[in-house]
Structure formats: structure tokens, C-alpha cells
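Pasting run.json here (JSON, C-alpha atoms):
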[["chain", "number", "residue", "atom", "x", "y", "z"],
["A", 382, "MET", "CA", -73.88, -11.33, 41.78],
["A", 383, "LYS", "CA", -74.34, -9.09, 38.79],
["A", 384, "LYS", "CA", -73.39, -6.14, 41.00],
["A", 385, "ARG", "CA", -70.12, -7.84, 41.94],
["A", 386, "VAL", "CA", -69.25, -8.55, 38.31],
["A", 387, "TRP", "CA", -69.96, -4.98, 37.30],
["A", 388, "LEU", "CA", -68.09, -3.67, 40.31],
["A", 389, "GLY", "CA", -65.10, -5.86, 39.37],
["A", 390, "ILE", "CA", -65.18, -4.64, 35.78],
["A", 391, "VAL", "CA", -65.40, -1.01, 36.88],
["A", 392, "LEU", "CA", -62.54, -1.48, 39.36],
["A", 393, "ALA", "CA", -60.42, -3.20, 36.71],
["A", 394, "ILE", "CA", -61.05, -0.35, 34.26],
["A", 395, "LEU", "CA", -60.22, 2.26, 36.88],
["A", 396, "CYS", "CA", -57.10, 0.43, 37.95],
["A", 397, "LEU", "CA", -55.87, 0.00, 34.42],
["A", 398, "SER", "CA", -56.59, 3.57, 33.44],
["A", 399, "GLY", "CA", -55.10, 4.82, 36.70],
["A", 400, "CYS", "CA", -51.91, 2.83, 36.18],
["A", 401, "ARG", "CA", -51.60, 4.12, 32.66],
["A", 402, "ASP", "CA", -52.05, 7.72, 33.84],
["A", 403, "ALA", "CA", -49.50, 7.28, 36.61],
["A", 404, "SER", "CA", -46.80, 6.03, 34.23],
["A", 405, "ALA", "CA", -47.67, 8.45, 31.42],
["A", 406, "PRO", "CA", -46.20, 11.57, 33.08],
["A", 407, "TYR", "CA", -43.06, 9.58, 33.89],
["A", 408, "LEU", "CA", -42.67, 8.52, 30.25],
["A", 409, "LEU", "CA", -43.38, 12.03, 29.03],
["A", 410, "LYS", "CA", -40.81, 13.45, 31.45],
["A", 411, "GLU", "CA", -38.20, 10.94, 30.24],
["A", 412, "GLU", "CA", -38.99, 11.72, 26.60],
["A", 413, "ALA", "CA", -38.81, 15.46, 27.30],
["A", 414, "GLU", "CA", -35.42, 15.11, 29.02],
["A", 415, "GLN", "CA", -34.12, 13.01, 26.13],
["A", 416, "ALA", "CA", -35.39, 15.54, 23.58],
["A", 417, "THR", "CA", -33.79, 18.38, 25.55],
["A", 418, "GLU", "CA", -30.46, 16.55, 25.66],
["A", 419, "GLU", "CA", -30.63, 15.84, 21.90],
["A", 420, "THR", "CA", -31.49, 19.49, 21.18],
["A", 421, "ALA", "CA", -28.61, 20.71, 23.36],
["A", 422, "ALA", "CA", -26.23, 18.34, 21.56],
["A", 423, "LEU", "CA", -27.43, 19.59, 18.16],
["A", 424, "ILE", "CA", -27.01, 23.23, 19.19],
["A", 425, "GLU", "CA", -23.51, 22.52, 20.51],
["A", 426, "LYS", "CA", -22.58, 20.68, 17.31],
["A", 427, "GLU", "CA", -24.00, 23.51, 15.16],
["A", 428, "THR", "CA", -22.02, 26.07, 17.17],
["A", 429, "GLU", "CA", -18.82, 24.07, 16.67],
["A", 430, "LEU", "CA", -19.45, 23.83, 12.94],
["A", 431, "LYS", "CA", -20.31, 27.52, 12.58],
["A", 432, "GLU", "CA", -17.47, 29.19, 10.72],
["A", 433, "GLU", "CA", -15.89, 32.30, 12.21],
["A", 434, "TYR", "CA", -14.14, 35.07, 10.32],
["A", 435, "CYS", "CA", -11.24, 37.17, 11.58],
["A", 436, "ILE", "CA", -11.79, 40.80, 10.58],
["A", 437, "TYR", "CA", -9.38, 43.71, 11.04],
["A", 438, "VAL", "CA", -11.24, 46.94, 11.80],
["A", 439, "CYS", "CA", -9.17, 50.12, 11.69],
["A", 440, "GLY", "CA", -9.30, 53.83, 10.97],
["A", 441, "ALA", "CA", -11.81, 56.15, 12.64],
["A", 442, "VAL", "CA", -13.26, 53.59, 15.07],
["A", 443, "ASN", "CA", -13.07, 53.68, 18.85],
["A", 444, "ARG", "CA", -11.30, 50.33, 19.38],
["A", 445, "PRO", "CA", -9.36, 49.25, 16.26],
["A", 446, "GLY", "CA", -8.28, 45.63, 16.22],
["A", 447, "VAL", "CA", -8.92, 42.10, 14.99],
["A", 448, "TYR", "CA", -12.34, 40.68, 15.79],
["A", 449, "LYS", "CA", -13.99, 37.28, 15.28],
["A", 450, "LEU", "CA", -17.48, 37.24, 13.80],
["A", 451, "PRO", "CA", -19.69, 34.41, 12.53],
["A", 452, "ALA", "CA", -19.70, 33.77, 8.80],
["A", 453, "GLY", "CA", -22.32, 35.87, 7.06],
["A", 454, "SER", "CA", -21.83, 38.89, 9.32],
["A", 455, "ARG", "CA", -21.99, 42.41, 7.91],
["A", 456, "ILE", "CA", -19.56, 45.33, 8.12],
["A", 457, "TYR", "CA", -21.79, 47.24, 10.55],
["A", 458, "GLU", "CA", -21.42, 44.36, 13.04],
["A", 459, "ALA", "CA", -17.63, 44.54, 12.84],
["A", 460, "VAL", "CA", -17.73, 48.32, 13.33],
["A", 461, "LEU", "CA", -19.98, 47.87, 16.39],
["A", 462, "LEU", "CA", -17.51, 45.38, 17.89],
["A", 463, "ALA", "CA", -14.78, 47.97, 17.36],
["A", 464, "GLY", "CA", -16.71, 50.41, 19.55],
["A", 465, "GLY", "CA", -18.49, 52.19, 16.72],
["A", 466, "MET", "CA", -17.30, 55.05, 14.56],
["A", 467, "GLN", "CA", -15.60, 58.12, 15.94],
["A", 468, "GLU", "CA", -17.23, 61.53, 15.59],
["A", 469, "ASP", "CA", -14.98, 62.51, 12.66],
["A", 470, "ALA", "CA", -15.62, 59.27, 10.73],
["A", 471, "CYS", "CA", -17.02, 59.45, 7.21],
["A", 472, "GLU", "CA", -19.91, 57.03, 7.57],
["A", 473, "ALA", "CA", -20.88, 57.33, 3.89],
["A", 474, "ALA", "CA", -17.48, 56.00, 2.78],
["A", 475, "VAL", "CA", -18.20, 52.54, 4.21],
["A", 476, "ASN", "CA", -20.88, 50.19, 2.88],
["A", 477, "GLN", "CA", -22.03, 48.90, 6.25],
["A", 478, "ALA", "CA", -24.47, 46.42, 4.70],
["A", 479, "GLU", "CA", -21.71, 44.56, 2.83],
["A", 480, "GLU", "CA", -21.13, 40.95, 3.89],
["A", 481, "LEU", "CA", -17.72, 40.24, 5.38],
["A", 482, "SER", "CA", -15.17, 37.70, 4.18],
["A", 483, "ASP", "CA", -12.47, 36.01, 6.24],
["A", 484, "GLY", "CA", -9.33, 38.11, 6.61],
["A", 485, "GLN", "CA", -11.00, 41.28, 5.40],
["A", 486, "MET", "CA", -9.84, 44.69, 6.53],
["A", 487, "VAL", "CA", -12.54, 47.26, 7.24],
["A", 488, "PHE", "CA", -11.07, 50.75, 7.04],
["A", 489, "VAL", "CA", -13.24, 53.63, 8.23],
["A", 490, "PRO", "CA", -11.78, 56.92, 6.96],
["A", 491, "THR", "CA", -12.23, 60.27, 8.63],
["A", 492, "ILE", "CA", -14.16, 62.95, 6.76],
["A", 493, "GLU", "CA", -10.84, 64.64, 5.94],
["A", 494, "GLU", "CA", -9.31, 61.40, 4.61],
["A", 495, "ALA", "CA", -12.39, 60.73, 2.48],
["A", 496, "GLU", "CA", -12.18, 64.20, 0.94],
["A", 497, "THR", "CA", -8.44, 64.13, 0.21],
["A", 498, "PRO", "CA", -7.52, 60.94, -1.67],
["A", 499, "GLU", "CA", -3.81, 61.79, -1.55],
["A", 500, "ALA", "CA", -3.83, 61.56, 2.24],
["A", 501, "GLU", "CA", -1.94, 58.88, 4.09],
["A", 502, "THR", "CA", -4.83, 56.43, 3.70],
["A", 503, "GLY", "CA", -3.43, 54.91, 0.50],
["A", 504, "ALA", "CA", -0.25, 53.78, 2.22],
["A", 505, "SER", "CA", -2.00, 52.65, 5.38],
["A", 506, "LEU", "CA", -4.39, 50.48, 3.39],
["A", 507, "GLY", "CA", -1.57, 48.18, 2.34],
["A", 508, "ALA", "CA", -1.43, 49.42, -1.25],
["A", 509, "SER", "CA", 1.26, 47.85, -3.36],
["A", 510, "GLY", "CA", 2.27, 50.46, -5.92],
["A", 511, "PRO", "CA", 4.32, 53.65, -6.00],
["A", 512, "ALA", "CA", 3.14, 56.58, -3.87],
["A", 513, "GLY", "CA", 0.63, 54.34, -2.06],
["A", 514, "LYS", "CA", -1.21, 53.35, -5.24],
["A", 515, "VAL", "CA", -2.76, 49.93, -5.77],
["A", 516, "ASN", "CA", -1.05, 48.05, -8.60],
["A", 517, "LEU", "CA", -3.79, 46.46, -10.72],
["A", 518, "ASN", "CA", -1.35, 43.80, -11.93],
["A", 519, "THR", "CA", -0.25, 42.58, -8.50],
["A", 520, "ALA", "CA", -2.98, 43.59, -6.01],
["A", 521, "ASP", "CA", -4.83, 40.84, -4.21],
["A", 522, "PHE", "CA", -8.55, 40.82, -3.38],
["A", 523, "THR", "CA", -8.12, 42.66, -0.06],
["A", 524, "GLU", "CA", -6.01, 45.43, -1.61],
["A", 525, "LEU", "CA", -8.56, 45.95, -4.38],
["A", 526, "LEU", "CA", -11.28, 46.36, -1.74],
["A", 527, "THR", "CA", -9.42, 49.40, -0.39],
["A", 528, "LEU", "CA", -10.18, 51.33, -3.58],
["A", 529, "PRO", "CA", -13.12, 53.74, -3.38],
["A", 530, "GLY", "CA", -16.20, 52.33, -5.11],
["A", 531, "ILE", "CA", -14.75, 48.83, -5.39],
["A", 532, "GLY", "CA", -16.70, 46.18, -3.49],
["A", 533, "GLU", "CA", -16.36, 42.41, -3.48],
["A", 534, "SER", "CA", -18.02, 41.84, -6.86],
["A", 535, "LYS", "CA", -15.89, 44.44, -8.67],
["A", 536, "ALA", "CA", -12.71, 43.23, -6.97],
["A", 537, "SER", "CA", -13.53, 39.69, -8.11],
["A", 538, "ALA", "CA", -14.22, 40.98, -11.64],
["A", 539, "ILE", "CA", -10.82, 42.74, -11.72],
["A", 540, "LEU", "CA", -9.04, 39.53, -10.66],
["A", 541, "ALA", "CA", -11.01, 37.46, -13.21],
["A", 542, "TYR", "CA", -10.20, 39.96, -15.98],
["A", 543, "ARG", "CA", -6.50, 39.90, -15.07],
["A", 544, "GLU", "CA", -6.53, 36.10, -15.06],
["A", 545, "GLU", "CA", -8.26, 35.94, -18.45],
["A", 546, "LYS", "CA", -6.56, 38.82, -20.31],
["A", 547, "GLY", "CA", -3.21, 39.05, -18.53],
["A", 548, "ARG", "CA", -1.56, 42.21, -17.22],
["A", 549, "PHE", "CA", -3.23, 45.61, -17.50],
["A", 550, "SER", "CA", -1.32, 47.76, -19.97],
["A", 551, "SER", "CA", -2.86, 51.04, -18.72],
["A", 552, "VAL", "CA", -5.03, 52.21, -15.83],
["A", 553, "GLU", "CA", -7.76, 53.15, -18.32],
["A", 554, "GLU", "CA", -8.07, 49.49, -19.32],
["A", 555, "ILE", "CA", -9.95, 48.89, -16.08],
["A", 556, "MET", "CA", -13.00, 50.43, -17.78],
["A", 557, "ASP", "CA", -13.15, 47.33, -20.02],
["A", 558, "ILE", "CA", -14.49, 45.46, -16.98],
["A", 559, "THR", "CA", -18.27, 45.23, -16.70],
["A", 560, "GLY", "CA", -19.52, 47.55, -13.97],
["A", 561, "ILE", "CA", -16.49, 49.84, -14.02],
["A", 562, "LYS", "CA", -17.12, 52.86, -16.20],
["A", 563, "GLU", "CA", -16.34, 56.61, -16.06],
["A", 564, "GLY", "CA", -17.93, 57.22, -12.64],
["A", 565, "VAL", "CA", -16.00, 54.49, -10.83],
["A", 566, "TYR", "CA", -12.86, 55.19, -12.84],
["A", 567, "SER", "CA", -12.89, 58.87, -11.82],
["A", 568, "LYS", "CA", -12.98, 57.78, -8.15],
["A", 569, "ILE", "CA", -10.08, 55.33, -8.42],
["A", 570, "LYS", "CA", -7.80, 56.72, -11.15],
["A", 571, "ASP", "CA", -5.60, 58.57, -8.63],
["A", 572, "HIS", "CA", -5.31, 55.42, -6.49],
["A", 573, "ILE", "CA", -4.26, 52.87, -9.11],
["A", 574, "THR", "CA", -1.19, 52.06, -11.18],
["A", 575, "VAL", "CA", -0.08, 49.29, -13.56],
["A", 576, "ASN", "CA", 3.71, 49.61, -12.99]]

Write out the structure in this file as C-alpha cells.
Amino acid sequence: MKKRVWLGIVLAILCLSGCRDASAPYLLKEEAEQATEETAALIEKETELKEEYCIYVCGAVNRPGVYKLPAGSRIYEAVLLAGGMQEDACEAAVNQAEELSDGQMVFVPTIEEAETPEAETGASLGASGPAGKVNLNTADFTELLTLPGIGESKASAILAYREEKGRFSSVEEIMDITGIKEGVYSKIKDHITVN
């Protein structure tokens, strides 16, 4: 009799533990599928929310044109999308590590264009002043970025200065802006005007 009771208890334990084990993989599989679906939905939602920038890449690149890149991309990524730089490109004239902004134009000059500032590049960069010069009083952010040695922070500083102080009365006045001194001024003086 005691054997039967023990046998019944053992069978009950085995049955219960066996049933639990049989349903456990099924529950785990369902939970895994649900987690996978939720993850896929999150990735899709994140992709939809991810902002894209339109960037115009031109100059000495293999495939100039407008390209879409995710927010936070760098200039080197835009240049790669445009097929990379041509053999005669002046790589040192472009800060490839700079972060892009929406609507930005990335101009890659040739070595010859980089050495001769009076070349056609001023006009092709969308400059707004006489003889292809950028007018400090009317230029927008993108036009200011076309000036040699002027990146996003200096372009923003120029716009802030103009907003605070009003029109520039002379091109030399640009040296009143923090970060723009003799070295930068000597690079841009032939490319700017206040008329």
C-alpha cells in the first residue's frame, strides 16, 4: 500500500513537471515572437522619426547632386555618396569631419581653384556681392559657409553679430567677431564685401 501511495505521488510529480515543461517552450516561443514583433515595430517607428537632410554636393566630385543623409551625418559621408573626390580635388580645403545641416551645399574645389581665390568658384558658390563676393550684410548662413576658413560656428557668430550690431560698415569690422582675427581675415578679405 505504501508503495502505491509513493508511486502515485511520484507519478503525479512527474506528470505535473512534464506538463509544465511541455507548455514552457510554447510560452517562451510566444513571448519571443511577441518581443520580436515589438522590436520590429520600434525599429520601424525610429526609422520613420529619423530626420533626413538634403545635401547638395558639387565641385570636384565624381557624381555631383543632391543626396539625402540621416541627421548627424558628416561631410565625408556626403562626399562618398557623390562618388568621392576627383583626382584634382583639393582635399585639404574641405573639413570632412564637419557635421552637416539640412540644405547645406558641400563644395569641393580643385587644387587650382583652391590656389586662385579669384577663380570662378566665388560666383558658383552663390555669393551675393559684386564680382562674386559674399556680402556680409545680406549673406545667409549657407553663403557664409562658402568662405574659406568659415565653418558653422563662425557663420553663426557673423549672423549673431549682424543681428546685434546692425550692418557691417567695413570688411575689416569682421575681425571684431570672436574667433575671426588676422589669419582668418587674410583668407576671406578678397571674398567679402559690405556694399

What are the centre and edge lengths in Å, to one decimal, of the axis-aligned box around all listed atoms of range 530-535 of chain A with 8 Å added on each side, as lines of an AutoDock Vina configuration file?
center_x = -16.4
center_y = 47.1
center_z = -6.1
size_x = 19.3
size_y = 26.5
size_z = 21.2

For the atom pair CA of Glu496 in chain A and CA of Ile558 in chain A, what is the interatomic distance in Å to one decimal place?
->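 If I compute the distance from CA of Glu496 in chain A to CA of Ile558 in chain A, I get 26.0 Å.
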
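What separates CA of Asn518 in chain A from CA of Ala538 in chain A is a distance of 13.2 Å.
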
Out of A:Asn516, A:Ile436, A:Met556, A:Gly530, which residue has the shortest atom-to-atom distance to Lys568 in chain A when counting all atoms listed in the file?
-> A:Gly530

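Across A:Leu517, A:Cys471, A:Ala478, A:Ala452, the tightest approach to Tyr542 in chain A is made by A:Leu517 when counting only C-alpha atoms.
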
Please, what distance in Å, to one decimal, runs between CA of Leu461 in chain A and CA of Tyr448 in chain A?
-> 10.5 Å

Nearest to Lys562 in chain A, chosen from A:Pro451, A:Met486, A:Ile531, A:Asn576, with only C-alpha atoms counted in the distances =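 The closest residue to Lys562 in chain A is A:Ile531.
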
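Distances from A:Asp571, A:Ala470, A:Thr519, A:Thr527 to Leu540 in chain A were compared using all atoms listed in the file, and the smallest one belongs to A:Thr519.
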
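Taking only C-alpha atoms into account, Val438 in chain A lies nearest to A:Gln485 out of the set A:Gln485, A:Asn476, A:Gln467, A:Thr574.
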